[in-house]
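Working notes, beginning with the structure itself.
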Amino acid sequence: MSGAGAPDFFYREAQRLGYVARSAFKLLQLQKQYKLITPGSSVLDLGCAPGAWLQVACQSLGPQKNGGVVVGVDVKKLKVPSVYCDERVRTVCFDVMNLPSDQAKLWSPQRKGFSVILSDMCPPVSGIMTKDAALSMELGMRAFSLAVGDSEEKGSESHTNDVGVLLPGGSLVLKLLESEDLQGFIQLCKPYFKKASLLRPKATRSSSREIYLICQGLLQ
C-alpha cells in the first residue's frame with residue numbers, strides 16, 4: 001500500500017471501529033474542525049458509497065431523540081451500514097449528474113431542502129492528471145449547482161437560494177482534485193457563503209491530490 005504508514009493506520013482503525021471505509025476519518029476531522037452537522041440537521045450525502053460518511057453523519061446527529069435525517073445518493077444501490085446508522089438514514093439510487101433539485105428536495109424534511117450537503121464524489125481515476133481534475137471539477141460544479149441553484153436562472157446579481165437544495169445558513173462540502181482551476185472555482189463559490197475554507201484531511205493518502213472545499217453559511 002502506498003503512502004507510508006498513515007493509510008495503513010486509518011485502514012486498520014476503520015476496521016477496528018466498524019466503519020465501512022477509511023474515508024470516515026476525513027469527515028470526522030471535518031466535523032471536529034467545522035461542526036457542520038448538529039443535532040436535528042438534515043444531511044444530503046452525494047456519492048455516498050460505500051457508506052462511511054453516512055455513518056459519521058448519523059453519529060454527528062447525536063441520539064435519535066434529537067431528530068435529524070441523512071439521505072445518501074449514489075449511482076450504485078447501497079444498503080445502509082448497520083453500525084452507527086439508525087432509522088434516520090436512508091439511501092437512494094440516482095445519478096447525481098441528472099438529479100433535479102426538485103427531486104432532491106422531496107427527500108428532505110418538509111420537502112424544503114437540506115441544512116448540510118456533502119459531496120465525496122470522485123471520478124474513476126485514469127491517471128491522466130488533467131482529465132481527472134477536469135472530471136472532478138465537473139462533479140464539484142454539479143454539487144455546487146444542486147446546492148445553490150443555477151445562477152443563470154437567478155440572474156447575475158442575485159445569490160438567493162431560489163431553486164437550490166441547500167437551506168439558507170447551510171453548509172456545503174466538496175471534494176476536488178487540486179488543479180490550476182481550483183482557485184477559480186473557489187472564487188465562484190465565495191459570494192454565496194459567509195466563509196469558504198480548504199482542508200486536506202490527515203486520512204488523505206499521500207499520493208492523492210484530493211482536497212476539500214468547506215463552504216459555510218449560505219447567504220439568503
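Residue numbering restarts at 1 for every chain of the C-alpha cells, chains are lettered A, B, ... in their displayed order, and ligands are numbered from 1 as they appear.
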
Within 9 Å of Pro39 of chain A using only C-alpha atoms, minus same-chain residues under 2 positions, as a PyMOL selection string: chain A and resi 37+41+60-63+66-68

Neighbouring residues of Pro168 of chain A were defined as those with any atom within 6 Å, considering only C-alpha atoms; residues of the same chain fewer than 3 positions away were excluded. Please report them as a short mmCIF file (atom, residue, chain, number, x, y, z; two decimals) with N, CA and C atoms, in the first residue's frame.
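To be explicit, this is the file written out as selection.cif:
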```cif
data_model
loop_
_atom_site.label_atom_id
_atom_site.label_comp_id
_atom_site.auth_asym_id
_atom_site.auth_seq_id
_atom_site.Cartn_x
_atom_site.Cartn_y
_atom_site.Cartn_z
N LEU A 218 -24.70 29.58 3.93
CA LEU A 218 -25.29 30.03 2.66
C LEU A 218 -26.07 31.32 2.87
N LEU A 219 -25.75 32.32 2.10
CA LEU A 219 -26.40 33.62 2.23
C LEU A 219 -27.82 33.57 1.69
N GLN A 220 -28.69 34.31 2.34
CA GLN A 220 -30.09 34.33 1.90
C GLN A 220 -30.27 35.27 0.72
#
```

For Cys189 of chain A, list every protein, DNA or RNA residue within 12 Å, evaluated using only C-alpha atoms, and leave out those in the same chain fewer than 5 positions away; present the list as a PyMOL selection string. chain A and resi 140-141+143-145+147-149+151+159+171-174+182-184+194-197+213-219

Export, as a compact mmCIF listing (two decimals), in the first residue's frame, the selected residues with C-alpha atoms.
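Produced file again.txt, reproduced below:
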```txt
# COMPACT_ATOMS: atom_id res chain seq x y z
CA GLY A 140 -17.92 19.59 -7.86
CA MET A 141 -19.73 22.06 -10.09
CA ALA A 143 -22.92 19.50 -6.47
CA PHE A 144 -22.50 23.27 -6.13
CA SER A 145 -25.27 23.97 -8.67
CA ALA A 147 -26.91 23.20 -3.62
CA VAL A 148 -27.32 26.86 -4.58
CA GLY A 149 -29.32 26.63 -7.79
CA SER A 151 -27.00 31.10 -11.29
CA HIS A 159 -27.28 34.93 -4.80
CA SER A 171 -23.01 24.21 4.70
CA LEU A 172 -21.59 22.55 1.59
CA VAL A 173 -18.55 20.24 1.49
CA LEU A 174 -16.98 19.38 -1.88
CA LEU A 182 -9.22 25.23 -8.20
CA GLN A 183 -8.83 28.89 -7.23
CA GLY A 184 -11.28 29.96 -9.90
CA LYS A 194 -20.15 33.62 4.60
CA LYS A 195 -16.97 31.56 4.66
CA ALA A 196 -15.05 29.19 2.36
CA SER A 197 -12.07 27.12 3.52
CA LEU A 213 -13.70 22.88 0.00
CA ILE A 214 -15.84 23.72 3.01
CA CYS A 215 -18.45 26.42 2.39
CA GLN A 216 -20.35 27.62 5.44
CA GLY A 217 -23.34 29.88 5.92
CA LEU A 218 -25.29 30.03 2.66
CA LEU A 219 -26.40 33.62 2.23
```

Show which residues sit within 10 Å of Leu199 of chain A, as a ChimeraX atom specification. Count only C-alpha atoms, and ignore same-chain residues fewer than 5 positions away. /A:26,29-30,33,175,210-214

List every residue of segment 97-172 of chain A that DSSP, applied to the backbone of this structure, places in alpha helix (DSSP H), and write the result as a PyMOL selection string. chain A and resi 101-106+129-148+151-154

Taking only C-alpha atoms into account, produce a table as a Markdown table in which each residue of segment 36-82 of chain A with an atom at most 10 Å from an atom of segment 118-134 of chain A appears once, together with its shortest atom pair and the distance in Å to one decimal, ordered by chain and rising number.
```
| residue | atom | partner | partner_atom | distance |
| --- | --- | --- | --- | --- |
| A:Leu36 | CA | A:Leu118 | CA | 9.9 |
| A:Val43 | CA | A:Leu118 | CA | 7.4 |
| A:Leu44 | CA | A:Leu118 | CA | 6.1 |
| A:Asp45 | CA | A:Leu118 | CA | 4.8 |
| A:Leu46 | CA | A:Ser119 | CA | 4.7 |
| A:Gly47 | CA | A:Met121 | CA | 4.8 |
| A:Cys48 | CA | A:Asp120 | CA | 7.1 |
| A:Ala49 | CA | A:Met121 | CA | 9.0 |
| A:Trp53 | CA | A:Asp120 | CA | 8.5 |
| A:Leu54 | CA | A:Leu118 | CA | 9.9 |
| A:Ala57 | CA | A:Leu118 | CA | 9.5 |
| A:Gly72 | CA | A:Leu118 | CA | 9.3 |
| A:Val73 | CA | A:Ser119 | CA | 9.8 |
| A:Asp74 | CA | A:Met121 | CA | 9.0 |
```

Please run DSSP on the backbone and report, as a VMD selection string, all residues within segment 34-187 of chain A that come out as strand (DSSP E). chain A and resid 42 to 46 69 to 74 89 to 93 114 to 119 166 to 177

Among the residues A:Ser179, A:Gln15, A:Thr38, A:Ser108, the one that comes closest to Val83 of chain A [using only C-alpha atoms]: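 Answer, going by the shortest atom-to-atom distance: A:Gln15.
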
Quick one: residues within 8 Å of segment 17-21 of chain A, only C-alpha atoms, excluding same-chain residues fewer than 3 positions away - as JSON, numbers by chain? {"A": [11, 13, 14, 24, 50, 51, 52, 55, 81, 83]}
